[in-house]
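Data block below; observations after.
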Amino acid sequence: MADLVSHPDEVKIVSKRFGKGATGIDRYLELDGYKAVQKALGMQADAIINEVKNSGLRGRGGAGFNTGIKWSFVPKQSAKPKYVLCNGDESEPGTCKDRLIFEHDPHAVIEGVVIAGIAVGSHTGYIYIRGEYRYLSNIMQQAIKDAYARGFLGKNIFGSGYDFDVYWHGGAGAYEVGEESALMESLEGKRGIPRIRPPFPAVVGLWGGPTVINNAETLASVPHVILGGAEWYASLGPAKNGGTRLFCLSGHLNRPGVYELPMGYNLKKMIHEVGGGIPDGRNLKAVVPGGSSTPVLTADEIDVAMDFDSMMKAGSMLGSGGVVVLDETTCIVKFALRTIKFYQHESCGWCIPCREGTDWLKKTLTRFHAGGGLKKDIDNMYYLSENMLGRTFCPLGDAAAMPTMAFIKKFRKEFEDHLEGRPCPFEKEGAVEQLAVLSH
Amino acid sequence: MRFSDQFESRFSEMLTHYPTKRSVLVPTLLYAQDEVGHLSAELIAELAQRLDLTELEVRNVISYYSMLTTKPRGKYNLQVCTNISCMLRGAEEIFDRCRQRLDIAHKGTTADGLFSLEEVECIGACSWAPAVQVNYEFHENLTPEKMDRVLDEYKNRGMQ
């Protein structure tokens with residue numbers, strides 16, 4: 001069970017039931033649970049979609065696409081059944097927020113899935129949870145069972161005449177499956193290899209039927225949007241970036257933890273006030289602002305609003321809300337190497353630029369960090385990354401290339417400090433050899 | 001091949017959740033592995049037959065997912081996350097401590113079959129780093145000393 005934290009600047013919406021026993025269905029009902037779905041059952045489908053669209057709720061998995069607009073792509077008429085798929089395959093390094101939602105508020109996810117279903121005219125939803133989160137799968141399975149027992153799921157939900165089934169589904173260890181088309185492949189019992197798009201899942205998804213796929217935090221936010229209204233939700237954040245977001249603060253901080261802050265919250269404040277600053281009076285070196293795939297920001301670049309558009313302008317991405325803080329003792333080359341080792345390990349091998357690119361980056365960075373780098377390697381790694389960008393079926397290739405390019409561009413001197421057989425300036429003697437032993 | 005009653009009831013219920021049989025495959029493989037310890041040839045043949053798949057199709061899926069294994073592991077599988085957030089907070093020391101205490105390397109198993117060790121990718125414990133999963137149990141905010149206590153705890157449990 002992960003520790004909960006709090007800070008006065010927090011605006012608790014998605015996290016408002018955390019630590020309040022809301023896994024129990026009676027307690028959830030006491031805390032306004034299942035009110036939103038009943039309200040939605042009395043609304044026109046288009047009105048639900050418009051409400052979500054106007055709230056400015058954007059995909060919390062990382063892509064940041066407007067949720068209501070995504071729902072509107074699902075065709076009204078379909079010969080094949082339509083599906084709602086909740087993506088709880090959380091595995092972007094630096095991200096640990098969906099875990100808390102499943103642990104403390106599983107019914108909110110179920111409610112969000114049902115509302116999405118009503119909006120797009122679907123009668124079946126799946127909640128996919130990564131295999132490592134076994135205790136959360138147990139919590140979710142129980143929550144679904146409890147909701148069926150009350151008539152909140154199944155035939156004629158809440159006596160409305162509308163049928164809706166929700167099922168749990170589990171993974172077995174694969175980052176790639178967090179990508180929506182790979183997620184569908186995995187749910188269909190296959191290797192998580194991405195699908196070629198178009199057609200997009202909203203038109204051709206699970207078993208060929210139109211499918212809405214949303215992140216768990218996005219779906220857990222939906223009931224609050226329906227109850228509080230689009231105007232209220234939109235007003236919590238800057239234009240086109242409605243609501244709040246769970247930010248996962250990790251790395252070199254005094255008070256790491258998951259905090260719910262309004263969209264657009266200042267990153268510098270987030271690090272120094274909410275996260276309690278850097279331990280032992282050390283200086284900040286860099287921040288990876290939205291999970292390992294987002295381009296790094298230097299200490300001088302953090303006076304920026306944490307919303308999708310501002311982060312894009314700042315040359316990075318809001319991503320999955322995983323804020324990883326690096327102090328001055330961190331070796332950027334080593335950090336880049338660990339990041340790339342991850343993508344190399346997780347690349348499914350389907351697209352050559354990703355499969356070969358991540359492998360070459362890992363090999364070069366390993367050699368580089370061990371003091372065997374050549375000056376031309378720096379430009380080669382940048383050039384290689386540039387050529388991976390946009391040339392794969394899913395964003396995993398981009399996710400490896402973007403941070404690498406940013407590390408090289410912003411910390412070139414640190415790469416140069418490793419040249420000509422010099423051991424890593426940040427490591428104790430002998431430590432680098434150890435790293436080579438650790439490599440996969 | 002016999003599984004527990006709980007496995008069988010879950011399996012038959014899950015089959016009703018999807019329009020195709022093979023959709024149950026990934027979670028079923030993990031539940032089956034939890035009972036048997038690893039995905040043996042016998043187990044693969046059994047599930048392939050139940051789901052109208054070839055053994056090759058099942059193996060093809062198994063090889064994709066990092067939690068699935070066709071080789072036996074220790075009773076307690078130590079999964080040490082060394083990804084970025086854990087690395088920044090001392091995950092390498094935790095991994096080294098495990099290696100030294102158990103005298104095994106990455107993907108190794110102790111001679112008594114009690115422990116196996118794995119360096120794994122992000123397990124979603126970034127804000128409580130460094131973290132280790134022992135089978136499905138999370139151990140967070142670790143130090144080498146705390147790691148020693150965790151190892152002792154499982155050792156005692158395993159001896160009982």
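So you can find residues: chains in the structure tokens are A, B, ... in the order shown, residues in each start at 1, and ligands are numbered from 1 in order.
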
Under the rule of at most 6 Å, produce a per-residue listing of chain B near chain A: chain, number, name, the closest pair of atoms, and the distance in Å, as a Markdown table, using only C-alpha atoms.
| residue | atom | partner | partner_atom | distance |
| --- | --- | --- | --- | --- |
| B:Arg22 | CA | A:Gly189 | CA | 5.2 |
| B:Ser23 | CA | A:Glu188 | CA | 4.2 |
| B:Leu25 | CA | A:Gly189 | CA | 5.0 |
| B:Val26 | CA | A:Gly189 | CA | 5.7 |
| B:Pro27 | CA | A:Gly170 | CA | 5.0 |
| B:Val61 | CA | A:Arg191 | CA | 5.1 |
| B:Tyr64 | CA | A:Arg191 | CA | 5.9 |
| B:Tyr65 | CA | A:Gly173 | CA | 5.1 |
| B:Ser66 | CA | A:Gly173 | CA | 4.9 |
| B:Met67 | CA | A:Gly173 | CA | 5.1 |
| B:Ser85 | CA | A:Gly251 | CA | 5.1 |
| B:Leu88 | CA | A:Gly251 | CA | 5.6 |
| B:Cys122 | CA | A:Pro93 | CA | 5.3 |
| B:Gly124 | CA | A:Cys96 | CA | 4.6 |
| B:Ala125 | CA | A:Cys96 | CA | 5.8 |
| B:Cys126 | CA | A:Gly94 | CA | 5.3 |
| B:Ser127 | CA | A:Ser250 | CA | 4.6 |

task: DSSP on the backbone, then: every residue of chain B marked helix (DSSP H, G or I), written as JSON, numbers by chain.
output: {"B": [5, 6, 7, 8, 9, 10, 11, 12, 13, 14, 15, 21, 22, 23, 24, 25, 26, 27, 28, 29, 30, 31, 32, 33, 34, 35, 36, 41, 42, 43, 44, 45, 46, 47, 48, 49, 50, 55, 56, 57, 58, 59, 60, 61, 62, 84, 85, 86, 87, 88, 91, 92, 93, 94, 95, 96, 97, 98, 99, 100, 101, 102, 126, 127, 128, 144, 145, 146, 147, 148, 149, 150, 151, 152, 153, 154, 155, 156, 157, 158, 159]}

task: Just list the residues in region 198-404 of chain A DSSP gives strand (DSSP E) on the backbone, as a PyMOL selection string.
output: chain A and resi 211-215+244-251+257-262+265-266+284-288+297-298+305-306+322-327

So that I have them on file, write out the residues from the current selection with N, CA and C atoms, as a short mmCIF file (atom, residue, chain, number, x, y, z; two decimals), in the first residue's frame.
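Saved result, result09.cif, follows:
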data_model
loop_
_atom_site.label_atom_id
_atom_site.label_comp_id
_atom_site.auth_asym_id
_atom_site.auth_seq_id
_atom_site.Cartn_x
_atom_site.Cartn_y
_atom_site.Cartn_z
N THR A 211 -14.26 1.30 -30.70
CA THR A 211 -13.79 1.19 -29.33
C THR A 211 -13.25 2.52 -28.82
N VAL A 212 -13.75 2.92 -27.64
CA VAL A 212 -13.21 4.11 -26.97
C VAL A 212 -12.17 3.63 -25.97
N ILE A 213 -10.97 4.17 -26.07
CA ILE A 213 -9.92 3.78 -25.13
C ILE A 213 -9.47 5.03 -24.36
N ASN A 214 -9.61 4.98 -23.05
CA ASN A 214 -9.18 6.11 -22.22
C ASN A 214 -8.35 5.60 -21.04
N ASN A 215 -7.47 6.46 -20.59
CA ASN A 215 -6.66 6.17 -19.41
C ASN A 215 -7.54 6.12 -18.15
N THR A 244 -7.94 19.11 -12.99
CA THR A 244 -6.75 18.87 -12.19
C THR A 244 -6.04 17.65 -12.75
N ARG A 245 -4.92 17.35 -12.13
CA ARG A 245 -4.18 16.19 -12.61
C ARG A 245 -3.38 15.62 -11.46
N LEU A 246 -3.24 14.32 -11.45
CA LEU A 246 -2.39 13.68 -10.44
C LEU A 246 -0.95 13.76 -10.93
N PHE A 247 -0.13 14.51 -10.19
CA PHE A 247 1.29 14.61 -10.54
C PHE A 247 2.08 13.68 -9.62
N CYS A 248 2.91 12.83 -10.23
CA CYS A 248 3.70 11.88 -9.46
C CYS A 248 5.10 12.46 -9.31
N LEU A 249 5.40 12.99 -8.15
CA LEU A 249 6.72 13.59 -7.94
C LEU A 249 7.68 12.51 -7.44
N SER A 250 8.81 12.39 -8.15
CA SER A 250 9.78 11.36 -7.74
C SER A 250 11.19 11.86 -7.98
N GLY A 251 12.16 11.08 -7.53
CA GLY A 251 13.56 11.45 -7.70
C GLY A 251 14.08 12.20 -6.49
N GLY A 257 5.83 12.09 -3.88
CA GLY A 257 4.47 11.60 -3.64
C GLY A 257 3.57 11.97 -4.81
N VAL A 258 2.33 11.52 -4.74
CA VAL A 258 1.36 11.84 -5.79
C VAL A 258 0.45 12.94 -5.27
N TYR A 259 0.47 14.09 -5.95
CA TYR A 259 -0.30 15.26 -5.53
C TYR A 259 -1.28 15.64 -6.63
N GLU A 260 -2.50 16.00 -6.26
CA GLU A 260 -3.46 16.47 -7.25
C GLU A 260 -3.46 18.00 -7.28
N LEU A 261 -3.02 18.53 -8.40
CA LEU A 261 -2.88 19.99 -8.53
C LEU A 261 -3.64 20.45 -9.76
N PRO A 262 -4.07 21.72 -9.76
CA PRO A 262 -4.78 22.22 -10.94
C PRO A 262 -3.87 22.17 -12.17
N TYR A 265 -0.36 24.36 -13.05
CA TYR A 265 0.41 24.68 -11.84
C TYR A 265 1.88 24.86 -12.22
N ASN A 266 2.51 25.82 -11.60
CA ASN A 266 3.90 26.13 -11.96
C ASN A 266 4.85 25.01 -11.53
N LEU A 284 19.33 21.87 -8.07
CA LEU A 284 18.58 21.18 -9.11
C LEU A 284 19.39 21.16 -10.40
N LYS A 285 19.38 20.03 -11.09
CA LYS A 285 20.06 19.97 -12.37
C LYS A 285 19.06 19.91 -13.53
N ALA A 286 18.08 19.06 -13.42
CA ALA A 286 17.16 18.86 -14.54
C ALA A 286 15.87 18.22 -14.05
N VAL A 287 14.83 18.33 -14.90
CA VAL A 287 13.55 17.70 -14.59
C VAL A 287 13.02 16.99 -15.84
N VAL A 288 12.62 15.75 -15.68
CA VAL A 288 11.88 15.06 -16.74
C VAL A 288 10.41 15.25 -16.36
N LEU A 297 13.98 19.06 -19.10
CA LEU A 297 14.10 20.51 -18.94
C LEU A 297 15.29 20.78 -18.02
N THR A 298 16.06 21.84 -18.33
CA THR A 298 17.17 22.18 -17.44
C THR A 298 16.63 23.00 -16.27
N ALA A 305 4.19 26.67 -16.79
CA ALA A 305 2.90 26.13 -16.34
C ALA A 305 2.76 24.68 -16.80
N MET A 306 2.32 23.83 -15.89
CA MET A 306 2.17 22.41 -16.21
C MET A 306 0.79 22.12 -16.81
N GLY A 322 4.29 12.22 -14.67
CA GLY A 322 5.42 11.73 -13.87
C GLY A 322 6.55 12.74 -13.88
N VAL A 323 6.72 13.46 -12.77
CA VAL A 323 7.75 14.51 -12.69
C VAL A 323 8.97 13.93 -11.98
N VAL A 324 10.05 13.71 -12.74
CA VAL A 324 11.25 13.10 -12.18
C VAL A 324 12.33 14.17 -12.01
N VAL A 325 12.78 14.35 -10.77
CA VAL A 325 13.67 15.46 -10.43
C VAL A 325 15.10 14.95 -10.24
N LEU A 326 16.04 15.60 -10.94
CA LEU A 326 17.46 15.19 -10.90
C LEU A 326 18.28 16.29 -10.25
N ASP A 327 19.05 15.98 -9.22
CA ASP A 327 19.91 17.01 -8.62
C ASP A 327 21.28 16.99 -9.27
#

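Relative to CA of Ile139 (chain A), CA of Ser6 (chain A) is found at 23.5 Å.
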
Nearby residues (only C-alpha atoms) at most 9 Å from Arg101 (chain B), same-chain spacing under 3 positions excluded, as an MDAnalysis selection string: chainID B and resid 96:98 104 148 151

Go ahead and save the picked residues with N, CA and C atoms, as a short mmCIF file (atom, residue, chain, number, x, y, z; two decimals), in the first residue's frame.
data_model
loop_
_atom_site.label_atom_id
_atom_site.label_comp_id
_atom_site.auth_asym_id
_atom_site.auth_seq_id
_atom_site.Cartn_x
_atom_site.Cartn_y
_atom_site.Cartn_z
N ASP B 96 22.49 -4.61 -5.62
CA ASP B 96 23.77 -5.19 -5.20
C ASP B 96 23.63 -5.94 -3.88
N ARG B 97 22.86 -5.35 -2.97
CA ARG B 97 22.68 -5.99 -1.67
C ARG B 97 22.00 -7.35 -1.85
N CYS B 98 21.02 -7.41 -2.72
CA CYS B 98 20.32 -8.68 -2.98
C CYS B 98 21.27 -9.69 -3.61
N ILE B 104 23.53 -14.67 -6.08
CA ILE B 104 23.04 -14.99 -7.42
C ILE B 104 23.03 -13.72 -8.27
N ASP B 148 17.63 -5.85 3.84
CA ASP B 148 18.06 -7.00 4.64
C ASP B 148 16.90 -7.57 5.44
N LEU B 151 14.50 -9.44 3.23
CA LEU B 151 15.03 -10.76 2.87
C LEU B 151 14.90 -11.73 4.03
#

- request: Calculate how many Å separate CA of Lys82 (chain A) from CA of Ala119 (chain A), rounding to one decimal.
  value: 11.2 Å

message: When you look at Met159 (chain B) with a cut-off of 12 Å (counting only C-alpha atoms), what residues show up, excluding the ones that are within fewer than 5 positions of it in the same chain? I need them as a PyMOL selection string.
response: chain B and resi 75-76+112-115+152-154

May I have the selected residues written with C-alpha atoms, as an mmCIF file, in the first residue's frame?
data_model
loop_
_atom_site.group_PDB
_atom_site.id
_atom_site.type_symbol
_atom_site.label_atom_id
_atom_site.label_comp_id
_atom_site.auth_asym_id
_atom_site.auth_seq_id
_atom_site.Cartn_x
_atom_site.Cartn_y
_atom_site.Cartn_z
ATOM 1 C CA LYS B 75 9.543 -19.500 -4.282
ATOM 2 C CA TYR B 76 10.060 -15.791 -3.757
ATOM 3 C CA ASP B 112 17.610 -24.080 -2.134
ATOM 4 C CA GLY B 113 15.019 -22.739 -4.594
ATOM 5 C CA LEU B 114 13.822 -20.156 -2.105
ATOM 6 C CA PHE B 115 14.780 -16.976 -3.955
ATOM 7 C CA ASP B 152 15.108 -12.110 6.447
ATOM 8 C CA GLU B 153 11.335 -11.956 6.620
ATOM 9 C CA TYR B 154 10.881 -14.067 3.484
#

message: So the first atom is CA of Tyr31 (chain B) and the second is CA of Phe7 (chain B); what is the distance between them in Å, to one decimal place?
response: 7.2 Å

- prompt: Could you name the residues that touch region 369-371 of chain A at 7 Å or less, counting only C-alpha atoms, but leaving out those on the same chain fewer than 3 positions away, as a list in words?
  reply: Val333, Lys334, Leu365, Thr366, His418, Leu419, Glu420, Gly421, Arg422, Pro423, Cys424 and Val432 of chain A

Give me the residues within 10 Å of region 195-197 of chain A as a short mmCIF file (atom, residue, chain, number, x, y, z; two decimals) with N, CA and C atoms, in the first residue's frame, counting only C-alpha atoms and dropping any in the same chain fewer than 6 places off.
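around_36.cif, written as the output of this step:
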data_model
loop_
_atom_site.label_atom_id
_atom_site.label_comp_id
_atom_site.auth_asym_id
_atom_site.auth_seq_id
_atom_site.Cartn_x
_atom_site.Cartn_y
_atom_site.Cartn_z
N GLU A 179 0.15 1.25 -25.14
CA GLU A 179 -0.22 1.91 -26.40
C GLU A 179 -1.55 1.32 -26.84
N GLU A 180 -2.49 2.18 -27.30
CA GLU A 180 -3.87 1.71 -27.40
C GLU A 180 -4.10 0.54 -28.36
N SER A 181 -3.40 0.51 -29.49
CA SER A 181 -3.67 -0.61 -30.40
C SER A 181 -3.03 -1.90 -29.90
N ALA A 182 -1.87 -1.77 -29.24
CA ALA A 182 -1.23 -2.94 -28.63
C ALA A 182 -2.07 -3.46 -27.46
N LEU A 183 -2.72 -2.52 -26.77
CA LEU A 183 -3.59 -2.88 -25.65
C LEU A 183 -4.73 -3.78 -26.14
N MET A 184 -5.29 -3.43 -27.29
CA MET A 184 -6.39 -4.23 -27.83
C MET A 184 -5.90 -5.62 -28.25
N GLU A 185 -4.69 -5.66 -28.85
CA GLU A 185 -4.13 -6.95 -29.24
C GLU A 185 -3.96 -7.84 -28.01
N VAL A 204 -12.58 1.10 -35.87
CA VAL A 204 -12.31 -0.35 -35.88
C VAL A 204 -11.38 -0.67 -34.72
N GLY A 205 -11.95 -1.25 -33.67
CA GLY A 205 -11.17 -1.52 -32.46
C GLY A 205 -11.22 -2.97 -32.06
N THR A 392 7.68 4.94 -36.90
CA THR A 392 7.22 3.67 -36.34
C THR A 392 5.70 3.68 -36.23
N PHE A 393 5.12 2.47 -36.14
CA PHE A 393 3.66 2.36 -36.07
C PHE A 393 3.10 2.90 -34.76
N CYS A 394 3.86 2.79 -33.68
CA CYS A 394 3.38 3.29 -32.39
C CYS A 394 4.41 4.28 -31.85
#

message: From the options B:Ile62, B:Ala32, B:Leu102, B:Met14, which residue's atoms come nearest to Gln141 (chain A), counting only C-alpha atoms?
response: B:Met14

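Once Glu416 (chain A) and its same-chain neighbours fewer than 6 positions away are set aside, A:Val333, A:Phe368, A:Gly373, A:Leu374, A:Lys375, A:Ile378, A:Ile408, A:Arg422 remain within 10 Å of it when counting only C-alpha atoms.
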